[in-house]
Structure formats: C-alpha cells, structure tokens
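Next comes query_22.tsv, with TSV, C-alpha atoms and all ligand atoms.
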chain	number	residue	atom	x	y	z
A	289	MET	CA	-106.02	28.52	41.29
A	290	ILE	CA	-104.82	25.87	38.84
A	291	GLU	CA	-102.29	26.91	36.23
A	292	VAL	CA	-101.54	24.45	33.49
A	293	LYS	CA	-98.50	25.47	31.49
A	294	SER	CA	-97.66	23.88	28.16
A	295	LEU	CA	-98.85	20.47	29.35
A	296	HIS	CA	-97.83	17.70	27.00
A	297	LYS	CA	-98.68	14.03	27.39
A	298	GLU	CA	-97.47	11.32	25.06
A	299	TYR	CA	-98.10	7.60	25.26
A	300	LYS	CA	-95.48	5.22	23.92
A	301	THR	CA	-97.17	2.23	22.33
A	302	LYS	CA	-95.99	-0.66	20.18
A	303	LYS	CA	-97.42	1.15	17.18
A	304	GLY	CA	-95.59	4.38	17.98
A	305	THR	CA	-96.10	7.53	19.99
A	306	ILE	CA	-99.64	8.84	20.59
A	307	THR	CA	-100.22	12.39	21.75
A	308	GLY	CA	-102.95	12.64	24.41
A	309	VAL	CA	-102.49	16.31	25.34
A	310	ASP	CA	-100.68	18.68	23.00
A	311	HIS	CA	-99.00	21.60	24.79
A	312	VAL	CA	-102.12	22.85	26.60
A	313	SER	CA	-102.00	26.00	28.72
A	314	VAL	CA	-105.04	27.01	30.75
A	315	THR	CA	-105.81	28.81	34.01
A	316	ILE	CA	-108.69	27.73	36.25
A	317	GLU	CA	-109.69	30.28	38.87
A	318	LYS	CA	-110.28	29.43	42.52
A	319	GLY	CA	-113.92	28.58	43.24
A	320	GLU	CA	-115.06	28.21	39.63
A	321	ILE	CA	-116.65	25.26	37.88
A	322	PHE	CA	-114.59	24.69	34.76
A	323	GLY	CA	-115.79	22.33	32.07
A	324	ILE	CA	-113.70	20.59	29.43
A	325	VAL	CA	-115.79	19.28	26.55
A	326	GLY	CA	-114.75	17.22	23.56
A	327	TYR	CA	-115.49	14.06	21.63
A	328	SER	CA	-113.96	10.70	22.46
A	329	GLY	CA	-110.19	10.74	21.98
A	330	ALA	CA	-109.89	14.53	22.25
A	331	GLY	CA	-107.62	14.21	25.28
A	332	LYS	CA	-109.98	15.18	28.12
A	333	SER	CA	-109.19	12.18	30.35
A	334	SER	CA	-105.48	12.55	29.72
A	335	LEU	CA	-105.66	16.21	30.71
A	336	ILE	CA	-107.74	15.78	33.88
A	337	ARG	CA	-105.63	12.80	35.00
A	338	CYS	CA	-102.50	14.89	34.59
A	339	LEU	CA	-103.95	17.52	36.95
A	340	ASN	CA	-103.38	15.26	39.98
A	341	LEU	CA	-100.53	13.39	38.32
A	342	LEU	CA	-102.54	10.19	38.07
A	343	GLU	CA	-100.90	10.35	34.64
A	344	LYS	CA	-97.37	11.72	34.62
A	345	PRO	CA	-97.07	14.55	32.08
A	346	THR	CA	-94.37	14.15	29.43
A	347	SER	CA	-93.56	17.85	29.92
A	348	GLY	CA	-95.16	21.03	31.24
A	349	GLU	CA	-96.22	22.35	34.63
A	350	ILE	CA	-99.29	21.82	36.84
A	351	ILE	CA	-99.31	24.59	39.42
A	352	ILE	CA	-102.01	24.35	42.08
A	353	ASP	CA	-102.16	27.21	44.59
A	354	GLY	CA	-98.60	28.18	43.68
A	355	VAL	CA	-97.05	24.68	43.94
A	356	ASP	CA	-95.82	22.90	40.81
A	357	LEU	CA	-96.92	19.29	41.32
A	358	THR	CA	-94.54	18.01	38.66
A	359	LYS	CA	-91.57	19.07	40.81
A	360	LEU	CA	-92.67	17.41	44.08
A	361	SER	CA	-91.09	14.33	45.67
A	362	GLU	CA	-93.36	11.25	45.95
A	363	LYS	CA	-94.04	12.01	49.64
A	364	ARG	CA	-94.94	15.68	49.04
A	365	LEU	CA	-97.06	14.68	46.05
A	366	ARG	CA	-99.05	12.24	48.22
A	367	GLU	CA	-99.74	15.09	50.64
A	368	ALA	CA	-100.70	17.48	47.84
A	369	ARG	CA	-103.08	14.87	46.37
A	370	GLN	CA	-105.08	14.86	49.62
A	371	LYS	CA	-106.25	18.33	48.61
A	372	ILE	CA	-107.42	17.13	45.18
A	373	GLY	CA	-110.53	14.95	45.24
A	374	MET	CA	-111.64	12.96	42.22
A	375	ILE	CA	-114.82	11.23	41.10
A	376	PHE	CA	-115.20	8.83	38.20
A	377	GLN	CA	-117.76	7.64	35.68
A	378	HIS	CA	-117.74	4.11	37.15
A	379	PHE	CA	-117.54	5.25	40.79
A	380	TYR	CA	-114.85	2.71	41.86
A	381	LEU	CA	-116.37	1.88	45.23
A	382	VAL	CA	-115.05	-1.14	47.13
A	383	SER	CA	-117.87	-3.68	46.88
A	384	SER	CA	-116.92	-5.58	50.07
A	385	LYS	CA	-117.10	-2.44	52.22
A	386	THR	CA	-120.21	-0.60	53.42
A	387	VAL	CA	-120.94	2.98	52.43
A	388	PHE	CA	-119.54	4.12	55.79
A	389	GLU	CA	-116.34	2.08	55.34
A	390	ASN	CA	-115.84	3.28	51.76
A	391	ILE	CA	-115.80	6.89	52.96
A	392	ALA	CA	-113.89	6.19	56.18
A	393	PHE	CA	-111.16	4.48	54.17
A	394	ALA	CA	-110.27	7.78	52.55
A	395	LEU	CA	-109.75	9.26	56.03
A	396	LYS	CA	-107.42	6.56	57.33
A	397	ALA	CA	-104.35	8.20	55.79
A	398	ALA	CA	-105.24	11.46	57.53
A	399	LYS	CA	-104.65	9.74	60.91
A	400	LEU	CA	-107.92	10.82	62.54
A	401	SER	CA	-109.18	9.08	65.69
A	402	LYS	CA	-112.13	6.66	65.44
A	403	PRO	CA	-114.69	9.13	66.86
A	404	GLU	CA	-113.36	11.86	64.54
A	405	ILE	CA	-113.71	9.54	61.54
A	406	GLU	CA	-117.26	8.61	62.61
A	407	GLU	CA	-118.23	12.28	62.98
A	408	ARG	CA	-116.71	13.27	59.64
A	409	VAL	CA	-118.31	10.37	57.70
A	410	LEU	CA	-121.76	11.16	59.12
A	411	GLU	CA	-121.27	14.83	58.23
A	412	LEU	CA	-120.31	13.86	54.65
A	413	LEU	CA	-123.24	11.46	54.32
A	414	HIS	CA	-125.56	14.24	55.44
A	415	MET	CA	-124.05	16.60	52.88
A	416	VAL	CA	-124.68	14.17	49.99
A	417	GLY	CA	-128.13	13.17	51.26
A	418	LEU	CA	-127.34	9.55	52.15
A	419	SER	CA	-127.52	9.50	55.96
A	420	ASP	CA	-129.85	6.49	55.86
A	421	LYS	CA	-127.50	4.35	53.70
A	422	LYS	CA	-124.46	4.26	55.94
A	423	ASP	CA	-124.53	0.48	56.55
A	424	VAL	CA	-125.49	-0.77	53.12
A	425	TYR	CA	-123.15	-2.17	50.47
A	426	PRO	CA	-122.57	-0.53	47.07
A	427	SER	CA	-124.50	-3.29	45.25
A	428	GLN	CA	-127.65	-2.15	47.08
A	429	LEU	CA	-127.34	1.42	45.74
A	430	SER	CA	-128.58	3.05	42.54
A	431	GLY	CA	-126.05	4.66	40.18
A	432	GLY	CA	-126.86	8.14	41.49
A	433	GLN	CA	-126.44	6.97	45.10
A	434	LYS	CA	-123.11	5.33	44.25
A	435	GLN	CA	-121.91	8.61	42.76
A	436	ARG	CA	-123.02	10.42	45.93
A	437	VAL	CA	-120.82	8.04	47.93
A	438	GLY	CA	-118.02	8.78	45.44
A	439	ILE	CA	-118.50	12.49	46.06
A	440	ALA	CA	-118.53	12.06	49.87
A	441	ARG	CA	-115.33	10.01	49.64
A	442	ALA	CA	-113.68	12.61	47.40
A	443	LEU	CA	-114.57	15.38	49.88
A	444	ALA	CA	-113.41	13.45	52.96
A	445	ASN	CA	-110.10	15.28	53.35
A	446	ASN	CA	-111.50	18.77	52.65
A	447	PRO	CA	-109.92	19.16	49.23
A	448	SER	CA	-109.68	22.54	47.54
A	449	VAL	CA	-110.13	20.99	44.08
A	450	LEU	CA	-112.56	18.35	42.84
A	451	LEU	CA	-111.85	16.62	39.52
A	452	CYS	CA	-114.84	14.99	37.84
A	453	ASP	CA	-114.03	12.44	35.14
A	454	GLU	CA	-117.29	11.99	33.15
A	455	ALA	CA	-119.03	11.79	36.53
A	456	THR	CA	-122.56	11.71	35.14
A	457	SER	CA	-122.03	9.80	31.90
A	458	ALA	CA	-123.30	6.50	33.33
A	459	LEU	CA	-126.45	8.10	34.79
A	460	ASP	CA	-129.92	8.74	33.38
A	461	PRO	CA	-130.93	12.37	32.68
A	462	THR	CA	-132.89	12.89	35.93
A	463	THR	CA	-130.14	11.43	38.11
A	464	THR	CA	-127.59	13.47	36.15
A	465	LYS	CA	-129.50	16.65	37.04
A	466	SER	CA	-129.55	15.74	40.74
A	467	ILE	CA	-125.80	14.99	40.81
A	468	LEU	CA	-125.08	18.27	38.99
A	469	GLN	CA	-127.23	20.11	41.56
A	470	LEU	CA	-125.19	18.48	44.33
A	471	LEU	CA	-121.91	19.55	42.69
A	472	LYS	CA	-123.27	23.08	42.36
A	473	LYS	CA	-124.20	23.12	46.06
A	474	ILE	CA	-120.75	21.86	47.06
A	475	ASN	CA	-119.11	24.49	44.88
A	476	ARG	CA	-121.25	27.24	46.42
A	477	GLU	CA	-121.09	26.14	50.04
A	478	LEU	CA	-117.49	24.95	50.23
A	479	GLY	CA	-115.97	27.30	47.66
A	480	LEU	CA	-114.46	24.24	45.99
A	481	THR	CA	-112.85	24.57	42.55
A	482	ILE	CA	-114.42	21.97	40.26
A	483	VAL	CA	-112.92	20.76	36.99
A	484	LEU	CA	-115.14	18.45	35.01
A	485	ILE	CA	-114.77	16.67	31.72
A	486	THR	CA	-117.77	15.69	29.68
A	487	HIS	CA	-118.88	15.02	26.13
A	488	GLU	CA	-122.30	16.57	26.89
A	489	MET	CA	-122.78	20.30	26.33
A	490	GLU	CA	-125.97	20.07	28.42
A	491	VAL	CA	-123.80	19.37	31.49
A	492	VAL	CA	-121.66	22.41	30.69
A	493	LYS	CA	-124.77	24.56	30.24
A	494	ASP	CA	-126.21	23.45	33.57
A	495	ILE	CA	-123.30	24.06	35.90
A	496	CYS	CA	-120.07	25.37	34.43
A	497	HIS	CA	-118.91	28.97	34.71
A	498	ARG	CA	-116.29	28.60	32.00
A	499	VAL	CA	-115.60	25.96	29.39
A	500	ALA	CA	-112.77	24.80	27.16
A	501	VAL	CA	-113.40	22.82	23.97
A	502	MET	CA	-110.80	20.15	23.19
A	503	GLN	CA	-109.91	18.56	19.88
A	504	ASP	CA	-106.84	16.48	18.98
A	505	GLY	CA	-105.19	17.13	22.34
A	506	LYS	CA	-105.53	20.91	22.07
A	507	ILE	CA	-107.88	23.50	23.54
A	508	ILE	CA	-109.42	25.11	20.47
A	509	GLU	CA	-111.80	27.53	22.21
A	510	GLU	CA	-112.29	28.71	25.76
A	511	GLY	CA	-114.44	31.26	27.57
A	512	PRO	CA	-117.40	31.98	29.88
A	513	VAL	CA	-120.17	29.47	29.16
A	514	TYR	CA	-122.72	32.14	28.21
A	515	ASP	CA	-120.35	33.76	25.70
A	516	ILE	CA	-119.48	30.41	24.15
A	517	PHE	CA	-123.19	29.58	23.74
A	518	ALA	CA	-124.06	33.02	22.39
A	519	ASN	CA	-121.09	33.36	20.06
A	520	PRO	CA	-119.26	30.10	19.31
A	521	GLN	CA	-116.32	30.51	16.91
A	522	ALA	CA	-114.93	27.08	16.06
A	523	GLU	CA	-116.94	24.68	13.90
A	524	LEU	CA	-116.68	21.98	16.58
A	525	THR	CA	-117.97	24.35	19.26
A	526	LYS	CA	-120.95	25.18	17.01
A	527	GLN	CA	-121.66	21.46	16.70
A	528	PHE	CA	-121.62	21.03	20.47
A	529	ILE	CA	-123.89	24.05	20.95
A	530	SER	CA	-126.37	22.76	18.37
A	531	SER	CA	-126.84	19.64	20.50
A	532	VAL	CA	-128.48	21.93	23.07
A	533	LEU	CA	-129.77	24.79	20.94
A	534	ASP	CA	-131.08	23.09	17.83
A	535	PHE	CA	-132.33	25.70	15.37
A	536	GLU	CA	-132.61	23.72	12.19
A	537	VAL	CA	-135.53	24.96	10.11
A	538	PRO	CA	-136.94	22.31	7.77
A	539	GLU	CA	-135.73	22.92	4.22
A	540	HIS	CA	-139.28	23.05	2.78
A	541	LEU	CA	-140.18	25.92	5.13
A	542	LEU	CA	-137.29	27.97	3.76
A	543	THR	CA	-138.32	27.33	0.16
A	544	GLU	CA	-142.07	27.73	0.70
A	545	THR	CA	-141.90	31.05	2.53
A	546	LYS	CA	-142.91	34.26	0.76
A	547	GLY	CA	-140.91	36.81	2.70
A	548	LYS	CA	-137.47	37.44	4.04
A	549	ILE	CA	-136.25	35.08	6.77
A	550	VAL	CA	-134.24	36.50	9.63
A	551	LYS	CA	-132.61	34.83	12.62
A	552	ILE	CA	-132.49	37.06	15.66
A	553	GLN	CA	-130.58	36.54	18.87
A	554	PHE	CA	-131.49	38.14	22.20
A	555	GLN	CA	-129.03	38.03	25.07
A	556	GLY	CA	-129.68	38.66	28.75
A	557	SER	CA	-132.27	41.28	29.63
A	558	VAL	CA	-132.97	42.02	25.95
A	559	ALA	CA	-134.70	38.61	25.79
A	560	GLY	CA	-137.42	39.96	28.06
A	561	GLU	CA	-138.18	43.04	25.94
A	562	SER	CA	-141.02	43.27	23.46
A	563	VAL	CA	-138.67	43.95	20.52
A	564	VAL	CA	-140.49	41.82	17.96
A	565	SER	CA	-143.99	43.13	18.70
A	566	ASP	CA	-142.65	46.72	18.78
A	567	ALA	CA	-141.14	46.18	15.31
A	568	LEU	CA	-144.34	44.71	13.92
A	569	GLN	CA	-146.33	47.66	15.23
A	570	ALA	CA	-143.89	50.28	13.97
A	571	PHE	CA	-143.72	49.05	10.36
A	572	LYS	CA	-146.16	47.75	7.78
A	573	VAL	CA	-144.96	44.16	7.87
A	574	LYS	CA	-146.34	40.84	8.99
A	575	GLY	CA	-144.15	38.57	11.08
A	576	ASN	CA	-144.42	34.83	11.02
A	577	ILE	CA	-142.39	32.98	13.66
A	578	LEU	CA	-140.89	29.79	12.17
A	579	HIS	CA	-138.81	28.73	15.14
A	580	GLY	CA	-138.07	30.15	18.55
A	581	LYS	CA	-136.59	29.25	21.90
A	582	ILE	CA	-135.33	30.91	25.01
A	583	GLU	CA	-132.68	28.85	26.74
A	584	TYR	CA	-131.63	29.77	30.27
A	585	ILE	CA	-127.90	29.40	30.79
A	586	GLN	CA	-127.59	29.48	34.56
A	587	SER	CA	-130.64	31.76	34.80
A	588	VAL	CA	-129.49	34.20	32.11
A	589	PRO	CA	-131.77	34.02	29.06
A	590	LEU	CA	-130.47	33.47	25.53
A	591	GLY	CA	-133.24	33.71	22.98
A	592	ILE	CA	-133.15	32.79	19.30
A	593	PHE	CA	-136.03	33.36	16.90
A	594	ILE	CA	-136.32	32.60	13.23
A	595	MET	CA	-138.94	34.77	11.61
A	596	GLU	CA	-140.39	35.44	8.19
A	597	LEU	CA	-141.05	39.11	7.41
A	598	ILE	CA	-143.68	39.78	4.76
A	599	GLY	CA	-144.33	43.24	3.30
A	600	GLN	CA	-143.10	45.83	0.82
A	601	PRO	CA	-139.29	45.58	0.43
A	602	ASP	CA	-138.61	49.05	1.92
A	603	GLU	CA	-140.79	48.30	4.98
A	604	VAL	CA	-139.07	44.91	5.42
A	605	GLU	CA	-135.66	46.62	5.20
A	606	LYS	CA	-136.69	49.20	7.81
A	607	THR	CA	-137.91	46.42	10.10
A	608	ILE	CA	-134.61	44.57	9.73
A	609	ARG	CA	-132.62	47.73	10.54
A	610	TYR	CA	-134.81	48.33	13.61
A	611	LEU	CA	-134.44	44.71	14.81
A	612	HIS	CA	-130.70	44.86	14.18
A	613	GLU	CA	-130.36	47.89	16.43
A	614	ARG	CA	-132.39	46.40	19.28
A	615	THR	CA	-131.13	42.81	19.29
A	616	ASN	CA	-127.73	41.27	19.83
A	617	GLU	CA	-127.36	39.58	16.48
A	618	LEU	CA	-129.39	39.37	13.31
A	619	GLU	CA	-128.73	37.21	10.29
A	620	VAL	CA	-130.75	37.30	7.07
A	621	MET	CA	-131.14	33.62	6.17
A	622	SER	CA	-132.84	33.81	2.78
A	623	TYR	CA	-135.04	35.89	0.55
A	624	VAL	CA	-137.65	34.41	-1.68
A	625	SER	CA	-138.97	37.13	-3.97
B	1	LIG	N1	-102.88	4.66	28.30
B	1	LIG	C1	-102.87	5.02	27.02
B	1	LIG	N2	-102.05	4.44	26.14
B	1	LIG	C2	-102.01	4.81	24.85
B	1	LIG	N3	-102.78	5.78	24.32
B	1	LIG	C3	-103.63	6.40	25.14
B	1	LIG	C4	-103.73	6.06	26.53
B	1	LIG	N4	-104.67	6.88	27.10
B	1	LIG	C5	-105.12	7.66	26.12
B	1	LIG	N5	-104.52	7.40	24.95
B	1	LIG	C6	-104.73	8.06	23.65
B	1	LIG	O1	-104.66	9.47	23.86
B	1	LIG	C7	-105.66	10.14	23.09
B	1	LIG	C8	-106.57	10.94	24.03
B	1	LIG	O2	-107.32	10.01	24.82
B	1	LIG	P1	-108.20	10.45	26.06
B	1	LIG	O3	-108.72	9.20	26.72
B	1	LIG	O4	-107.43	11.38	26.89
B	1	LIG	O5	-109.38	11.23	25.33
B	1	LIG	P2	-110.84	11.55	25.86
B	1	LIG	O6	-111.22	12.84	25.25
B	1	LIG	O7	-110.86	11.46	27.33
B	1	LIG	O8	-111.68	10.38	25.24
B	1	LIG	P3	-112.72	9.40	25.99
B	1	LIG	O9	-113.88	10.24	26.35
B	1	LIG	O10	-113.04	8.36	24.94
B	1	LIG	O11	-111.97	8.83	27.16
B	1	LIG	C9	-106.38	9.06	22.31
B	1	LIG	O12	-105.82	8.99	21.02
B	1	LIG	C10	-106.12	7.80	23.10
B	1	LIG	O13	-106.16	6.67	22.26
The structure in this file should be written as structure tokens.
Ligand SMILES: Nc1ncnc2c1ncn2[C@@H]1O[C@H](COP(=O)(O)OP(=O)(O)OP(=O)(O)O)[C@@H](O)[C@H]1O
Amino acid sequence: MIEVKSLHKEYKTKKGTITGVDHVSVTIEKGEIFGIVGYSGAGKSSLIRCLNLLEKPTSGEIIIDGVDLTKLSEKRLREARQKIGMIFQHFYLVSSKTVFENIAFALKAAKLSKPEIEERVLELLHMVGLSDKKDVYPSQLSGGQKQRVGIARALANNPSVLLCDEATSALDPTTTKSILQLLKKINRELGLTIVLITHEMEVVKDICHRVAVMQDGKIIEEGPVYDIFANPQAELTKQFISSVLDFEVPEHLLTETKGKIVKIQFQGSVAGESVVSDALQAFKVKGNILHGKIEYIQSVPLGIFIMELIGQPDEVEKTIRYLHERTNELEVMSYVS
C-alpha cells in the first residue's frame, strides 16, 4: 500500500517559487492500478517522481508498505528503490548496450551471479514477449518494443510497485493498447501495484481500477474508474470524460425536434435490459433515438442514449417517469412544443 500524506513539492526558480504538488494526500491499495490524469502542468510528473523520491518532496510523507521513504538514509533509500520500478515516456534505454545488457544492468546492483542474471533476463524477456530480440540494440526496435524492454528492466528486481510516467504517450494507438494489455497482465499475474500518470482518459478507461484527477497541483476528484465515468462531479473531470464519451447532439437536431428530448444513462446490468422498448410498448409514444452508445469500462457496460419522445404530453410524462424508475439517470434536455 502507498500512503501519500500532505505531499508538497515546490520548485525554487529565478522567477520565484512554483508549486508542483500542493498538499496532496492519497492512498493507493496493494495490487491496484491507480491512474492520475490531468492536463500539462497539473503536477502529475512531480507527484509520481516524488513517490520514489526521484524528486525530493518539500514536505509530507510517502509511506510504502509501512516505511516512510522521506525518513530513510541514502543507503536505505537505495534499497527501498529496488522495490519500486519505473518506466518513462522516452524509455531511456542505453543505446550502446543490447536489449539483454540493458536489462542485466538493472540486476548488477542486486549482486546476482552471471548464470542467475542470464536466467532472470531470459525470463523477463519471455514475460514481455521479446525473447527473440535479446541481442539487438535499441535503435533496431520499434517504440512499443523499446517500452517492453523498459518494462522488463523495471521488473528486474521483483518490485512491488511500478510507476509509469506517461508510458504510452509516445506510442501509436494500437501499440498503446498492446502495452496497456501487458501492464494489465503484469498486474494480474504478479500482483504488482501500478501507478500511472497520463493525460489520456482512454488509458484510464482501459486499465485503471481507480483514478485521481489533478489540477493546479491538487487532486480535485478521485474514485473507482466506473463511478467517475458514470457520475463525474468536477467540470474538469467532465471534460476528460467527454473525450471518451462524446455525447454532443448537433444544435439543429435539438431545435428541429418535435418532442421532448431525454438523456438516459444505463449502468451495469441495466444496460442489457430492454427498458426503452418496454417503455415504448407500454405507452402511446414514439421514440426516436438521436444518439446512443454503450461503452465498456473494463467489461462493465455504461450506456447513454439521447432520445426524442413524441406523443400526448401526459403519455410522454408517464414514459419519462417509467424510464426514470428503470434507469440510473435521466435528464430532460429540452422541450419543443
Ligand atoms: N524542475 C522544475 N523546476 C521548476 N518548475 C517545475 C519543475 N518541474 C515541474 N515544474 C513546475 O511544476 C508544475 C507541475 O509540473 P509537472 O511537470 O509536475 O506537471 P505535469 O502534470 O506532469 O505536466 P506535463 O504532463 O506537461 O509534464 C508546473 O508549473 C511546472 O512548470
């Protein structure tokens, strides 16, 4: 478990003091994938780099499995860092070393014998799907393959925590998906706690269990990913969600419609029920779907439909009441009489 208590990070510059992280407190459970999302300058990098003391916090505590890293001597901190792996947007592989040597290098400090190092590197290469690339140099690898080497290197010393600093931001969408799948597999098979920072809500949707939204150095909203998608509170969180769940209805549709427009949300198993067709059969109304989508957030459906209801006002009202009772959220968007 990672407990961050009132973490504060300031940078002293010629132009004055800049706050990177502003008294953030957050708890990350063992074995979960925790995402931190925010725009550029929100403080994500400062926060994640403080977690392994790559950046020294100005004040606050970083407690990993009961040990406050900020209180450790340099020697003890070096030992503790072995249990915290990290991967980066730009991979940082050593270009003059082969894939094998890049990973083996991380094991040197652990004082393993040569055969032990060989065995461990081959095991790691197998895990990340690069067994056939052991003797090639980083320049001969694609971005996705370089990140796989980065992951193997980060896992070399069997860490309990993996920090991912915009690990997929330099990759194309297909490669991003494959790296996220690999991180998911590692999390599942090794029980590793993963903390990742990203500016893409799509990444959060694909693999995170919980997410925190950062703005101006602070966490402004935090919760299970599904709940945040289904019921975002802060304006910024809504903006991030809309990048994945875009439900803008063209203005002319809203003004040209004849009936009442409702936006309905279905969560979980409700998304699979025939609520809309039941409603249309039960009442004398016609339903015209203007927009609709079911998004799967780690296999759990979240459905949103925007629908025009046309009929006598009392029948439309009854339909709305019925839909309200059987769905998770209903909002009347407009009424053109
Ligand atoms: N080494 C530094 N010296 C001075 N200011 C810094 C330093 N690192 C970060 N900052 C400042 O701290 C604030 C938070 O930056 P940080 O890089 O943590 O945000 P971020 O959310 O990771 O953004 P990005 O995605 O662009 O890296 C910004 O105002 C930034 O300018």
Nearest-residue call for ligand LIG 1 (chain B), choices A:Ala444, A:Leu480, A:Ile485, A:Ile405, using only C-alpha atoms and all ligand atoms: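 Nearest to ligand LIG 1 (chain B): A:Ile485.
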To box ligand LIG 1 (chain B), take all atoms listed in the file, fit an axis-aligned box, add 5 Å on each side, and give centre and edge lengths in Å to one decimal, as lines of an AutoDock Vina configuration file.
center_x = -107.9
center_y = 8.6
center_z = 24.7
size_x = 21.9
size_y = 18.4
size_z = 17.3
Given 7 Å and only C-alpha atoms and all ligand atoms, residues near ligand LIG 1 (chain B) as a JSON list (two decimals) with C-alpha atoms, keeping the file's coordinate frame:
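The result, written out as part_39.json:
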[["chain", "number", "residue", "atom", "x", "y", "z"],
["A", 299, "TYR", "CA", -98.10, 7.60, 25.26],
["A", 300, "LYS", "CA", -95.48, 5.22, 23.92],
["A", 301, "THR", "CA", -97.17, 2.23, 22.33],
["A", 306, "ILE", "CA", -99.64, 8.84, 20.59],
["A", 307, "THR", "CA", -100.22, 12.39, 21.75],
["A", 308, "GLY", "CA", -102.95, 12.64, 24.41],
["A", 309, "VAL", "CA", -102.49, 16.31, 25.34],
["A", 326, "GLY", "CA", -114.75, 17.22, 23.56],
["A", 327, "TYR", "CA", -115.49, 14.06, 21.63],
["A", 328, "SER", "CA", -113.96, 10.70, 22.46],
["A", 329, "GLY", "CA", -110.19, 10.74, 21.98],
["A", 330, "ALA", "CA", -109.89, 14.53, 22.25],
["A", 331, "GLY", "CA", -107.62, 14.21, 25.28],
["A", 332, "LYS", "CA", -109.98, 15.18, 28.12],
["A", 333, "SER", "CA", -109.19, 12.18, 30.35],
["A", 334, "SER", "CA", -105.48, 12.55, 29.72],
["A", 335, "LEU", "CA", -105.66, 16.21, 30.71],
["A", 487, "HIS", "CA", -118.88, 15.02, 26.13],
["A", 505, "GLY", "CA", -105.19, 17.13, 22.34]]
Using only C-alpha atoms: which of A:Arg476, A:Lys526, A:Lys606, A:Arg337 has the shortest distance to Glu454 in chain A: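 With only C-alpha atoms as the atom set, the closest residue is A:Arg337.
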Contacts of Val387 in chain A at 12 Å (all atoms listed in the file; same-chain gap of 2+ positions) as a PyMOL selection string: chain A and resi 381-385+389-394+409-410+412-413+418-429+433-441
Expected residue set, 7 Å radius at (-141.4, 50.4, 11.2), all atoms listed in the file, as a PyMOL selection string: chain A and resi 567-572+603+606-607
Interatomic distance, CA of Cys338 in chain A to CA of Phe388 in chain A (Å, one decimal):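 Calculated distance between CA of Cys338 in chain A and CA of Phe388 in chain A is 29.3 Å.
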Distance criterion (only C-alpha atoms): nearest to Cys496 in chain A out of A:Tyr514, A:Phe593, A:Phe554, A:Phe528: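 When distances to Cys496 in chain A are compared using only C-alpha atoms, the smallest one comes from A:Tyr514.
If you look at CA of His296 in chain A and CA of Lys506 in chain A, they are 9.7 Å away from each other.
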Polymer residues at most 12 Å from Lys548 in chain A, only C-alpha atoms, same-chain spacing of 6 or more positions, as a PyMOL selection string: chain A and resi 541-542+573-578+594-605+607-608+619-625
Nearest to Lys551 in chain A, chosen from A:Ser565, A:Leu618, A:Asn519, A:Leu590, with all atoms listed in the file counted in the distances: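 Residue with the minimum atom-to-atom distance to Lys551 in chain A: A:Leu618.
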Selected residue, from A:Tyr584, A:Phe517, A:Phe376, A:Tyr610, that lies nearest to Ser531 in chain A when counting all atoms listed in the file: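 Among the listed residues, A:Phe517 lies closest to Ser531 in chain A.
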Sphere at (-112.7, 28.2, 37.9), radius 10 Å, counting only C-alpha atoms: residues as a VMD selection string: chain A and resid 289 to 290 315 to 323 449 480 to 483 496 to 499
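Between Ile495 in chain A and the candidates A:Gln586, A:Glu539, A:Ser466, A:Gln521, the tightest atom-to-atom separation, counting only C-alpha atoms, involves A:Gln586.
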Between CA of Ile474 in chain A and CA of Glu411 in chain A - distance in Å to one decimal: 13.2 Å
